[in-house]
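Shown here: final-v2.cif, mmCIF, C-alpha atoms.
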```
data_upload
loop_
_atom_site.group_PDB
_atom_site.id
_atom_site.type_symbol
_atom_site.label_atom_id
_atom_site.label_comp_id
_atom_site.auth_asym_id
_atom_site.auth_seq_id
_atom_site.Cartn_x
_atom_site.Cartn_y
_atom_site.Cartn_z
ATOM 1 C CA PRO A 1 45.901 1.370 13.872
ATOM 2 C CA GLU A 2 47.400 4.723 12.920
ATOM 3 C CA THR A 3 44.736 5.260 10.247
ATOM 4 C CA PHE A 4 41.745 3.915 12.214
ATOM 5 C CA SER A 5 38.888 6.354 12.772
ATOM 6 C CA LEU A 6 35.773 5.355 14.709
ATOM 7 C CA ARG A 7 33.943 8.334 13.242
ATOM 8 C CA SER A 8 34.608 7.074 9.709
ATOM 9 C CA VAL A 9 33.449 3.583 10.671
ATOM 10 C CA MET A 10 30.185 4.921 12.107
ATOM 11 C CA ALA A 11 29.635 7.148 9.059
ATOM 12 C CA GLY A 12 29.983 4.042 6.899
ATOM 13 C CA THR A 13 27.690 2.153 9.257
ATOM 14 C CA SER A 14 24.957 4.731 8.733
ATOM 15 C CA ILE A 15 25.093 3.991 4.990
ATOM 16 C CA ALA A 16 25.430 0.218 5.452
ATOM 17 C CA ALA A 17 22.328 0.257 7.662
ATOM 18 C CA PHE A 18 20.421 1.326 4.558
ATOM 19 C CA SER A 19 20.774 -2.252 3.281
ATOM 20 C CA TYR A 20 18.620 -3.515 6.151
ATOM 21 C CA LEU A 21 15.911 -0.885 5.964
ATOM 22 C CA GLY A 22 12.619 -2.227 4.757
ATOM 23 C CA PHE A 23 12.380 -5.293 6.982
ATOM 24 C CA ASP A 24 9.994 -3.345 9.218
ATOM 25 C CA GLY A 25 7.782 -2.816 6.169
ATOM 26 C CA ILE A 26 6.614 -6.393 6.686
ATOM 27 C CA SER A 27 4.432 -5.115 9.518
ATOM 28 C CA THR A 28 2.366 -3.055 7.050
ATOM 29 C CA LEU A 29 1.195 -6.303 5.428
ATOM 30 C CA ALA A 30 -0.413 -7.620 8.610
ATOM 31 C CA GLU A 31 -3.903 -7.316 7.146
ATOM 32 C CA ASP A 32 -2.855 -9.498 4.199
ATOM 33 C CA CYS A 33 -1.786 -12.420 6.427
ATOM 34 C CA GLN A 34 -3.865 -15.323 7.676
ATOM 35 C CA ASN A 35 -2.102 -15.358 11.062
ATOM 36 C CA PRO A 36 -0.357 -11.983 11.489
ATOM 37 C CA ARG A 37 0.316 -12.374 15.244
ATOM 38 C CA ARG A 38 2.529 -15.357 14.502
ATOM 39 C CA ASP A 39 3.820 -14.786 10.980
ATOM 40 C CA ILE A 40 4.713 -11.076 10.979
ATOM 41 C CA GLY A 41 7.179 -11.396 13.872
ATOM 42 C CA ARG A 42 8.773 -14.523 12.442
ATOM 43 C CA ALA A 43 9.092 -13.009 8.981
ATOM 44 C CA THR A 44 10.683 -9.835 10.337
ATOM 45 C CA VAL A 45 13.353 -11.710 12.302
ATOM 46 C CA LEU A 46 14.033 -14.146 9.447
ATOM 47 C CA VAL A 47 14.544 -11.324 6.949
ATOM 48 C CA CYS A 48 17.111 -9.689 9.248
ATOM 49 C CA LEU A 49 18.991 -12.959 9.818
ATOM 50 C CA ILE A 50 18.991 -14.039 6.163
ATOM 51 C CA SER A 51 20.073 -10.563 5.029
ATOM 52 C CA ALA A 52 22.900 -10.486 7.581
ATOM 53 C CA VAL A 53 24.268 -13.856 6.417
ATOM 54 C CA LEU A 54 24.151 -12.808 2.755
ATOM 55 C CA PHE A 55 25.710 -9.385 3.360
ATOM 56 C CA ILE A 56 28.553 -10.760 5.488
ATOM 57 C CA ALA A 57 29.301 -13.541 2.978
ATOM 58 C CA GLN A 58 29.329 -11.140 0.022
ATOM 59 C CA ALA A 59 31.542 -8.610 1.786
ATOM 60 C CA TYR A 60 33.976 -11.299 2.965
ATOM 61 C CA LEU A 61 34.306 -12.979 -0.429
ATOM 62 C CA GLY A 62 34.639 -9.628 -2.172
ATOM 63 C CA GLN A 63 37.412 -8.612 0.226
ATOM 64 C CA LEU A 64 39.285 -11.841 -0.481
ATOM 65 C CA LEU A 65 39.097 -11.268 -4.234
ATOM 66 C CA TRP A 66 39.874 -7.526 -4.188
ATOM 67 C CA PRO A 67 41.710 -6.660 -0.927
ATOM 68 C CA ASN A 68 42.524 -3.017 -1.727
ATOM 69 C CA PHE A 69 39.215 -1.136 -1.961
ATOM 70 C CA ARG A 70 41.043 2.054 -2.975
ATOM 71 C CA THR A 71 41.758 0.610 -6.428
ATOM 72 C CA PHE A 72 38.129 0.200 -7.544
ATOM 73 C CA PRO A 73 37.449 2.143 -10.758
ATOM 74 C CA ASN A 74 34.086 3.182 -9.320
ATOM 75 C CA VAL A 75 33.121 2.372 -5.723
ATOM 76 C CA GLU A 76 29.377 2.350 -6.506
ATOM 77 C CA THR A 77 29.863 -0.462 -9.049
ATOM 78 C CA ALA A 78 32.464 -2.397 -7.071
ATOM 79 C CA VAL A 79 30.393 -5.589 -6.987
ATOM 80 C CA LEU A 80 30.443 -5.697 -10.794
ATOM 81 C CA ASP A 81 34.226 -5.286 -10.886
ATOM 82 C CA VAL A 82 34.618 -8.105 -8.352
ATOM 83 C CA SER A 83 32.289 -10.365 -10.349
ATOM 84 C CA ARG A 84 34.281 -9.734 -13.549
ATOM 85 C CA LEU A 85 37.504 -10.598 -11.718
ATOM 86 C CA ALA A 86 35.999 -13.777 -10.269
ATOM 87 C CA GLY A 87 34.179 -15.173 -13.302
ATOM 88 C CA GLY A 88 34.932 -13.052 -16.319
ATOM 89 C CA ALA A 89 32.337 -11.641 -18.690
ATOM 90 C CA ALA A 90 29.821 -14.453 -18.015
ATOM 91 C CA LEU A 91 29.592 -13.794 -14.263
ATOM 92 C CA PHE A 92 29.644 -10.033 -14.885
ATOM 93 C CA SER A 93 26.592 -10.337 -17.163
ATOM 94 C CA MET A 94 24.762 -12.599 -14.709
ATOM 95 C CA VAL A 95 25.363 -10.285 -11.743
ATOM 96 C CA SER A 96 24.241 -7.306 -13.835
ATOM 97 C CA PHE A 97 20.996 -9.135 -14.628
ATOM 98 C CA VAL A 98 20.525 -10.056 -10.957
ATOM 99 C CA LEU A 99 20.966 -6.405 -9.951
ATOM 100 C CA VAL A 100 18.247 -5.329 -12.393
ATOM 101 C CA VAL A 101 15.864 -7.998 -11.090
ATOM 102 C CA ALA A 102 16.691 -7.065 -7.495
ATOM 103 C CA GLY A 103 15.964 -3.418 -8.279
ATOM 104 C CA PHE A 104 12.491 -4.297 -9.546
ATOM 105 C CA ALA A 105 11.861 -6.593 -6.567
ATOM 106 C CA SER A 106 12.924 -3.921 -4.084
ATOM 107 C CA ALA A 107 10.759 -1.318 -5.785
ATOM 108 C CA ILE A 108 7.708 -3.586 -5.708
ATOM 109 C CA ALA A 109 8.229 -4.454 -2.039
ATOM 110 C CA GLY A 110 8.693 -0.781 -1.171
ATOM 111 C CA GLN A 111 5.575 0.236 -3.060
ATOM 112 C CA ALA A 112 3.527 -2.505 -1.403
ATOM 113 C CA SER A 113 4.560 -1.579 2.139
ATOM 114 C CA ALA A 114 4.472 2.209 1.698
ATOM 115 C CA SER A 115 1.086 2.176 -0.063
ATOM 116 C CA ARG A 116 -0.427 0.175 2.788
ATOM 117 C CA LEU A 117 1.050 2.592 5.300
ATOM 118 C CA LEU A 118 -0.619 5.430 3.389
ATOM 119 C CA PHE A 119 -3.822 3.350 3.345
ATOM 120 C CA GLY A 120 -3.732 3.081 7.143
ATOM 121 C CA MET A 121 -3.145 6.809 7.537
ATOM 122 C CA GLY A 122 -5.983 7.519 5.110
ATOM 123 C CA ARG A 123 -8.265 5.197 7.054
ATOM 124 C CA ASP A 124 -7.441 7.150 10.220
ATOM 125 C CA ARG A 125 -8.253 10.352 8.303
ATOM 126 C CA LEU A 126 -4.695 11.647 8.712
ATOM 127 C CA LEU A 127 -4.450 11.768 4.908
ATOM 128 C CA PRO A 128 -7.228 12.293 2.310
ATOM 129 C CA SER A 129 -9.261 9.106 2.753
ATOM 130 C CA ASN A 130 -10.981 9.217 -0.638
ATOM 131 C CA LEU A 131 -7.602 9.065 -2.342
ATOM 132 C CA PHE A 132 -5.532 6.679 -0.217
ATOM 133 C CA THR A 133 -8.235 4.219 0.866
ATOM 134 C CA TYR A 134 -9.670 3.578 -2.584
ATOM 135 C CA ILE A 135 -9.545 -0.168 -3.325
ATOM 136 C CA PRO A 136 -10.570 -1.079 -6.906
ATOM 137 C CA PRO A 137 -12.483 -4.385 -7.067
ATOM 138 C CA LYS A 138 -10.281 -5.659 -9.876
ATOM 139 C CA TYR A 139 -6.941 -5.366 -8.027
ATOM 140 C CA SER A 140 -7.892 -5.281 -4.306
ATOM 141 C CA THR A 141 -4.924 -3.013 -3.571
ATOM 142 C CA PRO A 142 -4.648 0.709 -2.671
ATOM 143 C CA THR A 143 -3.973 1.681 -6.286
ATOM 144 C CA TYR A 144 -3.499 5.423 -5.873
ATOM 145 C CA GLY A 145 -1.038 4.898 -3.025
ATOM 146 C CA VAL A 146 0.970 2.460 -5.151
ATOM 147 C CA LEU A 147 1.103 4.918 -8.055
ATOM 148 C CA LEU A 148 2.053 7.849 -5.809
ATOM 149 C CA VAL A 149 4.914 5.925 -4.197
ATOM 150 C CA GLY A 150 6.128 4.921 -7.659
ATOM 151 C CA VAL A 151 6.170 8.532 -8.862
ATOM 152 C CA VAL A 152 8.037 9.698 -5.762
ATOM 153 C CA ALA A 153 10.587 6.883 -6.172
ATOM 154 C CA VAL A 154 11.219 7.756 -9.830
ATOM 155 C CA LEU A 155 11.697 11.457 -9.045
ATOM 156 C CA GLY A 156 14.024 10.608 -6.174
ATOM 157 C CA GLY A 157 16.077 8.388 -8.453
ATOM 158 C CA PHE A 158 16.600 11.264 -10.886
ATOM 159 C CA PHE A 159 17.307 14.100 -8.449
ATOM 160 C CA LEU A 160 18.933 12.520 -5.359
ATOM 161 C CA SER A 161 22.366 10.936 -5.045
ATOM 162 C CA PHE A 162 22.498 7.460 -3.509
ATOM 163 C CA GLN A 163 24.387 8.628 -0.410
ATOM 164 C CA LEU A 164 22.000 11.519 0.293
ATOM 165 C CA ALA A 165 18.944 9.327 -0.287
ATOM 166 C CA ALA A 166 20.331 6.572 1.953
ATOM 167 C CA GLU A 167 21.204 8.949 4.779
ATOM 168 C CA ALA A 168 17.920 10.856 4.512
ATOM 169 C CA VAL A 169 15.993 7.588 4.764
ATOM 170 C CA ASN A 170 18.249 6.513 7.642
ATOM 171 C CA PHE A 171 17.331 9.716 9.483
ATOM 172 C CA GLY A 172 13.671 8.710 9.619
ATOM 173 C CA ALA A 173 14.378 5.016 10.150
ATOM 174 C CA LEU A 174 16.822 5.504 13.022
ATOM 175 C CA LEU A 175 14.523 8.087 14.602
ATOM 176 C CA GLY A 176 11.696 5.551 14.384
ATOM 177 C CA PHE A 177 13.828 2.725 15.801
ATOM 178 C CA MET A 178 14.886 4.879 18.746
ATOM 179 C CA SER A 179 11.243 5.710 19.403
ATOM 180 C CA VAL A 180 10.298 2.015 19.292
ATOM 181 C CA ASN A 181 12.970 1.130 21.848
ATOM 182 C CA LEU A 182 11.866 3.938 24.152
ATOM 183 C CA SER A 183 8.247 2.841 23.719
ATOM 184 C CA VAL A 184 9.137 -0.673 24.893
ATOM 185 C CA ILE A 185 10.675 0.767 28.049
ATOM 186 C CA GLY A 186 7.795 3.177 28.578
ATOM 187 C CA HIS A 187 5.024 0.623 28.035
ATOM 188 C CA TYR A 188 6.325 -2.616 29.547
ATOM 189 C CA PHE A 189 8.892 -1.491 32.131
ATOM 190 C CA ILE A 190 7.282 1.704 33.397
ATOM 191 C CA ARG A 191 3.547 1.515 32.700
ATOM 192 C CA GLU A 192 2.996 -2.266 32.969
ATOM 193 C CA ARG A 193 5.692 -2.651 35.670
ATOM 194 C CA GLN A 194 7.057 -5.877 34.151
ATOM 195 C CA ARG A 195 10.378 -5.887 36.023
ATOM 196 C CA GLY A 196 11.240 -9.522 36.748
ATOM 197 C CA SER A 197 14.631 -11.039 35.912
ATOM 198 C CA GLY A 198 13.733 -11.930 32.328
ATOM 199 C CA ALA A 199 11.579 -8.833 31.908
ATOM 200 C CA LEU A 200 14.469 -6.639 33.075
ATOM 201 C CA LEU A 201 16.540 -7.892 30.153
ATOM 202 C CA ASN A 202 13.754 -7.695 27.553
ATOM 203 C CA ASN A 203 12.026 -4.521 28.742
ATOM 204 C CA LEU A 204 14.958 -2.358 29.864
ATOM 205 C CA LEU A 205 18.478 -3.552 29.031
ATOM 206 C CA LEU A 206 17.971 -4.673 25.412
ATOM 207 C CA PRO A 207 15.838 -1.686 24.319
ATOM 208 C CA SER A 208 18.267 0.668 26.112
ATOM 209 C CA GLY A 209 21.167 -0.887 24.205
ATOM 210 C CA GLY A 210 19.219 -0.676 20.950
ATOM 211 C CA PHE A 211 18.433 2.974 21.583
ATOM 212 C CA LEU A 212 22.074 3.863 22.305
ATOM 213 C CA VAL A 213 23.380 2.064 19.215
ATOM 214 C CA CYS A 214 20.788 3.753 16.980
ATOM 215 C CA LEU A 215 21.542 7.115 18.607
ATOM 216 C CA TYR A 216 25.282 6.746 17.937
ATOM 217 C CA VAL A 217 24.683 5.865 14.282
ATOM 218 C CA PHE A 218 22.110 8.668 14.035
ATOM 219 C CA LEU A 219 24.622 11.246 15.262
ATOM 220 C CA SER A 220 27.098 10.008 12.628
ATOM 221 C CA LEU A 221 24.825 10.994 9.727
ATOM 222 C CA SER A 222 26.054 13.803 7.498
ATOM 223 C CA GLY A 223 24.982 17.376 8.148
ATOM 224 C CA THR A 224 23.020 17.495 4.885
ATOM 225 C CA ALA A 225 21.010 14.399 5.821
ATOM 226 C CA LYS A 226 20.238 15.881 9.232
ATOM 227 C CA TRP A 227 18.985 19.094 7.662
ATOM 228 C CA VAL A 228 16.781 17.184 5.201
ATOM 229 C CA GLY A 229 15.375 15.156 8.095
ATOM 230 C CA VAL A 230 14.764 18.219 10.242
ATOM 231 C CA VAL A 231 12.893 19.981 7.423
ATOM 232 C CA TRP A 232 10.753 16.876 6.885
ATOM 233 C CA CYS A 233 9.985 16.704 10.635
ATOM 234 C CA VAL A 234 9.023 20.384 10.675
ATOM 235 C CA ILE A 235 6.596 19.802 7.775
ATOM 236 C CA GLY A 236 5.084 16.845 9.628
ATOM 237 C CA LEU A 237 4.809 18.836 12.838
ATOM 238 C CA GLY A 238 3.034 21.611 10.949
ATOM 239 C CA LEU A 239 0.554 19.127 9.471
ATOM 240 C CA LEU A 240 -0.032 17.619 12.914
ATOM 241 C CA THR A 241 -0.677 21.075 14.342
ATOM 242 C CA VAL A 242 -3.338 21.717 11.714
ATOM 243 C CA LEU A 243 -5.012 18.317 12.159
ATOM 244 C CA THR A 244 -5.220 18.668 15.942
ATOM 245 C CA SER A 245 -6.276 22.349 15.886
ATOM 246 C CA GLY A 246 -3.141 23.426 17.666
ATOM 247 C CA PHE A 247 -2.915 20.192 19.736
ATOM 248 C CA ARG A 248 -6.300 20.853 21.316
ATOM 249 C CA VAL A 249 -7.783 17.679 19.783
ATOM 250 C CA GLY A 250 -6.274 14.198 20.203
ATOM 251 C CA LEU A 251 -5.591 12.106 17.131
ATOM 252 C CA ASP A 252 -7.919 9.404 18.455
ATOM 253 C CA ASP A 253 -10.733 11.933 18.463
ATOM 254 C CA LEU A 254 -10.428 12.687 14.749
ATOM 255 C CA VAL A 255 -12.709 10.074 13.009
ATOM 256 C CA PRO A 256 -10.938 6.916 14.228
ATOM 257 C CA ALA A 257 -10.304 3.828 12.170
ATOM 258 C CA ARG A 258 -13.157 1.935 13.818
ATOM 259 C CA ALA A 259 -15.692 4.523 12.678
ATOM 260 C CA PHE A 260 -14.290 4.408 9.164
ATOM 261 C CA ALA A 261 -14.515 0.607 9.139
ATOM 262 C CA GLU A 262 -18.148 0.776 10.221
ATOM 263 C CA GLU A 263 -18.906 3.237 7.431
ATOM 264 C CA ASN A 264 -17.376 0.916 4.835
#
```
Represent the structure of the file as structure tokens.
Amino acid sequence: PETFSLRSVMAGTSIAAFSYLGFDGISTLAEDCQNPRRDIGRATVLVCLISAVLFIAQAYLGQLLWPNFRTFPNVETAVLDVSRLAGGAALFSMVSFVLVVAGFASAIAGQASASRLLFGMGRDRLLPSNLFTYIPPKYSTPTYGVLLVGVVAVLGGFFLSFQLAAEAVNFGALLGFMSVNLSVIGHYFIRERQRGSGALLNNLLLPSGGFLVCLYVFLSLSGTAKWVGVVWCVIGLGLLTVLTSGFRVGLDDLVPARAFAEEN
């Protein structure tokens, strides 16, 4: 108790939350599903639940094997040290191989979701449409978006530390999650006036709780991550100002997606 610090716990939580980020990327694959209304929601929830079970089990077993975390030779490779202790060189080699495979799998999933997000923005003419909406007949995927995301990921891997990258990504993710929770309240509770007993829980109490939790974690991010996020937001705001001619034109009035679909 004398060494407990809630601030330190929340700072760690902001980094641990990085492990869950990406589940929302499933929504970008809606156009690739046969029944997106049913499958996208189920897949999103299942990914969160399965990830939570795996993360808790790994952390618990690792704590049992190596109780004092201060004695790790290198905190960033702690899982490898625990695997060597548990199963010797054989388990160490297997876990190392699994980490390499997982890195490739994560990169592919990230490229798939991010490239389709860029495709949607290109289709709405918020990004150069000729570049981001190009679909080669051979691959049927937004090739240029995939390649661009890959280049950005490689450069980030060389020039950003893991902690800074995780917290910078968390800045945007937590900001987005807070906006989603507020949107639920604004749309269903205020605009649609769905305020029955069950609706009160789903449309006000749960999203309010989600917003407050995300806000608390958001405020626990490091100062550097906040500055990186603020600069990124300022760049986005500047681009939005240009696209809307100083906010005199609504985004829906810029060549909407429906018009683009009719053209193609």
I'd like to see the residues matched by the PyMOL selection byres ((chain A and resi 142) around 10) on this file, and ideally I'd get them as a ChimeraX atom specification. /A:112,115-119,131-136,139-141,143-147
I need the output of the PyMOL selection byres ((chain A and resi 171) around 10) for this file as a ChimeraX atom specification; which residues are they? /A:14,165-170,172-176,217-219,221-222,225-230
Can you translate the PyMOL selection byres ((chain A and resi 73-77) around 12) into the concrete residues it hits in this file, as a PDB file with C-alpha atoms, in the coordinates of the input?
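Contents of result03.pdb, as written:
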```pdb
ATOM      1  CA  TRP A  66      39.874  -7.526  -4.188  1.00  0.00           C
ATOM      2  CA  ASN A  68      42.524  -3.017  -1.727  1.00  0.00           C
ATOM      3  CA  PHE A  69      39.215  -1.136  -1.961  1.00  0.00           C
ATOM      4  CA  ARG A  70      41.043   2.054  -2.975  1.00  0.00           C
ATOM      5  CA  THR A  71      41.758   0.610  -6.428  1.00  0.00           C
ATOM      6  CA  PHE A  72      38.129   0.200  -7.544  1.00  0.00           C
ATOM      7  CA  ALA A  78      32.464  -2.397  -7.071  1.00  0.00           C
ATOM      8  CA  VAL A  79      30.393  -5.589  -6.987  1.00  0.00           C
ATOM      9  CA  LEU A  80      30.443  -5.697 -10.794  1.00  0.00           C
ATOM     10  CA  ASP A  81      34.226  -5.286 -10.886  1.00  0.00           C
ATOM     11  CA  VAL A  82      34.618  -8.105  -8.352  1.00  0.00           C
ATOM     12  CA  SER A  83      32.289 -10.365 -10.349  1.00  0.00           C
ATOM     13  CA  ARG A  84      34.281  -9.734 -13.549  1.00  0.00           C
ATOM     14  CA  PHE A  92      29.644 -10.033 -14.885  1.00  0.00           C
ATOM     15  CA  VAL A  95      25.363 -10.285 -11.743  1.00  0.00           C
ATOM     16  CA  SER A  96      24.241  -7.306 -13.835  1.00  0.00           C
ATOM     17  CA  LEU A  99      20.966  -6.405  -9.951  1.00  0.00           C
ATOM     18  CA  SER A 161      22.366  10.936  -5.045  1.00  0.00           C
ATOM     19  CA  PHE A 162      22.498   7.460  -3.509  1.00  0.00           C
ATOM     20  CA  GLN A 163      24.387   8.628  -0.410  1.00  0.00           C
TER      21      GLN A 163
END
```
What is the CA of Gln63 (chain A) to CA of Thr13 (chain A) distance in Å?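 Distance between the two atoms: 17.1 Å.
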Env of region 192-194 of chain A: 12 Å cut, atoms = only C-alpha atoms, seq-sep filter 6 positions within chain, self excluded. Answer as a PyMOL selection string. chain A and resi 183-186+200-204
Could you complete region 49-59 of chain A so that it carries all heavy atoms, and give it back as a PDB file, keeping the file's coordinate frame?
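Output (selection_35.pdb):
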```pdb
ATOM      1  N   LEU A  49      17.947 -11.931   9.714  1.00  0.00           N
ATOM      2  CA  LEU A  49      18.991 -12.959   9.818  1.00  0.00           C
ATOM      3  C   LEU A  49      19.502 -13.376   8.441  1.00  0.00           C
ATOM      4  O   LEU A  49      20.709 -13.475   8.218  1.00  0.00           O
ATOM      5  CB  LEU A  49      18.445 -14.172  10.570  1.00  0.00           C
ATOM      6  CG  LEU A  49      18.115 -13.951  12.053  1.00  0.00           C
ATOM      7  CD1 LEU A  49      17.526 -15.218  12.662  1.00  0.00           C
ATOM      8  CD2 LEU A  49      19.353 -13.533  12.830  1.00  0.00           C
ATOM      9  N   ILE A  50      18.582 -13.622   7.514  1.00  0.00           N
ATOM     10  CA  ILE A  50      18.991 -14.039   6.163  1.00  0.00           C
ATOM     11  C   ILE A  50      19.792 -12.932   5.484  1.00  0.00           C
ATOM     12  O   ILE A  50      20.830 -13.191   4.853  1.00  0.00           O
ATOM     13  CB  ILE A  50      17.752 -14.404   5.325  1.00  0.00           C
ATOM     14  CG1 ILE A  50      17.081 -15.654   5.892  1.00  0.00           C
ATOM     15  CG2 ILE A  50      18.139 -14.637   3.866  1.00  0.00           C
ATOM     16  CD1 ILE A  50      15.754 -15.983   5.243  1.00  0.00           C
ATOM     17  N   SER A  51      19.340 -11.688   5.623  1.00  0.00           N
ATOM     18  CA  SER A  51      20.073 -10.563   5.029  1.00  0.00           C
ATOM     19  C   SER A  51      21.474 -10.448   5.613  1.00  0.00           C
ATOM     20  O   SER A  51      22.451 -10.228   4.882  1.00  0.00           O
ATOM     21  CB  SER A  51      19.299  -9.263   5.244  1.00  0.00           C
ATOM     22  OG  SER A  51      18.033  -9.314   4.632  1.00  0.00           O
ATOM     23  N   ALA A  52      21.588 -10.603   6.934  1.00  0.00           N
ATOM     24  CA  ALA A  52      22.900 -10.486   7.581  1.00  0.00           C
ATOM     25  C   ALA A  52      23.871 -11.542   7.058  1.00  0.00           C
ATOM     26  O   ALA A  52      25.035 -11.242   6.752  1.00  0.00           O
ATOM     27  CB  ALA A  52      22.742 -10.614   9.099  1.00  0.00           C
ATOM     28  N   VAL A  53      23.403 -12.782   6.928  1.00  0.00           N
ATOM     29  CA  VAL A  53      24.268 -13.856   6.417  1.00  0.00           C
ATOM     30  C   VAL A  53      24.725 -13.549   5.000  1.00  0.00           C
ATOM     31  O   VAL A  53      25.909 -13.683   4.661  1.00  0.00           O
ATOM     32  CB  VAL A  53      23.522 -15.207   6.470  1.00  0.00           C
ATOM     33  CG1 VAL A  53      24.322 -16.290   5.742  1.00  0.00           C
ATOM     34  CG2 VAL A  53      23.287 -15.625   7.917  1.00  0.00           C
ATOM     35  N   LEU A  54      23.805 -13.109   4.144  1.00  0.00           N
ATOM     36  CA  LEU A  54      24.151 -12.808   2.755  1.00  0.00           C
ATOM     37  C   LEU A  54      25.116 -11.630   2.661  1.00  0.00           C
ATOM     38  O   LEU A  54      26.097 -11.668   1.905  1.00  0.00           O
ATOM     39  CB  LEU A  54      22.882 -12.520   1.953  1.00  0.00           C
ATOM     40  CG  LEU A  54      21.946 -13.705   1.716  1.00  0.00           C
ATOM     41  CD1 LEU A  54      20.675 -13.252   1.013  1.00  0.00           C
ATOM     42  CD2 LEU A  54      22.641 -14.792   0.898  1.00  0.00           C
ATOM     43  N   PHE A  55      24.858 -10.574   3.428  1.00  0.00           N
ATOM     44  CA  PHE A  55      25.710  -9.385   3.360  1.00  0.00           C
ATOM     45  C   PHE A  55      27.124  -9.692   3.839  1.00  0.00           C
ATOM     46  O   PHE A  55      28.117  -9.266   3.223  1.00  0.00           O
ATOM     47  CB  PHE A  55      25.112  -8.260   4.212  1.00  0.00           C
ATOM     48  CG  PHE A  55      23.792  -7.747   3.703  1.00  0.00           C
ATOM     49  CD1 PHE A  55      22.903  -7.125   4.553  1.00  0.00           C
ATOM     50  CD2 PHE A  55      23.448  -7.887   2.372  1.00  0.00           C
ATOM     51  CE1 PHE A  55      21.685  -6.658   4.092  1.00  0.00           C
ATOM     52  CE2 PHE A  55      22.235  -7.420   1.889  1.00  0.00           C
ATOM     53  CZ  PHE A  55      21.350  -6.805   2.759  1.00  0.00           C
ATOM     54  N   ILE A  56      27.230 -10.428   4.947  1.00  0.00           N
ATOM     55  CA  ILE A  56      28.553 -10.760   5.488  1.00  0.00           C
ATOM     56  C   ILE A  56      29.320 -11.648   4.509  1.00  0.00           C
ATOM     57  O   ILE A  56      30.520 -11.438   4.263  1.00  0.00           O
ATOM     58  CB  ILE A  56      28.414 -11.450   6.859  1.00  0.00           C
ATOM     59  CG1 ILE A  56      27.879 -10.452   7.889  1.00  0.00           C
ATOM     60  CG2 ILE A  56      29.756 -12.011   7.325  1.00  0.00           C
ATOM     61  CD1 ILE A  56      27.522 -11.068   9.223  1.00  0.00           C
ATOM     62  N   ALA A  57      28.638 -12.641   3.927  1.00  0.00           N
ATOM     63  CA  ALA A  57      29.301 -13.541   2.978  1.00  0.00           C
ATOM     64  C   ALA A  57      29.784 -12.779   1.743  1.00  0.00           C
ATOM     65  O   ALA A  57      30.916 -12.973   1.281  1.00  0.00           O
ATOM     66  CB  ALA A  57      28.342 -14.662   2.571  1.00  0.00           C
ATOM     67  N   GLN A  58      28.942 -11.905   1.211  1.00  0.00           N
ATOM     68  CA  GLN A  58      29.329 -11.140   0.022  1.00  0.00           C
ATOM     69  C   GLN A  58      30.506 -10.215   0.307  1.00  0.00           C
ATOM     70  O   GLN A  58      31.447 -10.125  -0.493  1.00  0.00           O
ATOM     71  CB  GLN A  58      28.127 -10.334  -0.467  1.00  0.00           C
ATOM     72  CG  GLN A  58      27.010 -11.175  -1.033  1.00  0.00           C
ATOM     73  CD  GLN A  58      25.744 -10.381  -1.275  1.00  0.00           C
ATOM     74  OE1 GLN A  58      25.744  -9.159  -1.171  1.00  0.00           O
ATOM     75  NE2 GLN A  58      24.658 -11.055  -1.586  1.00  0.00           N
ATOM     76  N   ALA A  59      30.454  -9.530   1.446  1.00  0.00           N
ATOM     77  CA  ALA A  59      31.542  -8.610   1.786  1.00  0.00           C
ATOM     78  C   ALA A  59      32.849  -9.370   2.019  1.00  0.00           C
ATOM     79  O   ALA A  59      33.927  -8.934   1.580  1.00  0.00           O
ATOM     80  CB  ALA A  59      31.170  -7.804   3.028  1.00  0.00           C
TER      81      ALA A  59
END
```
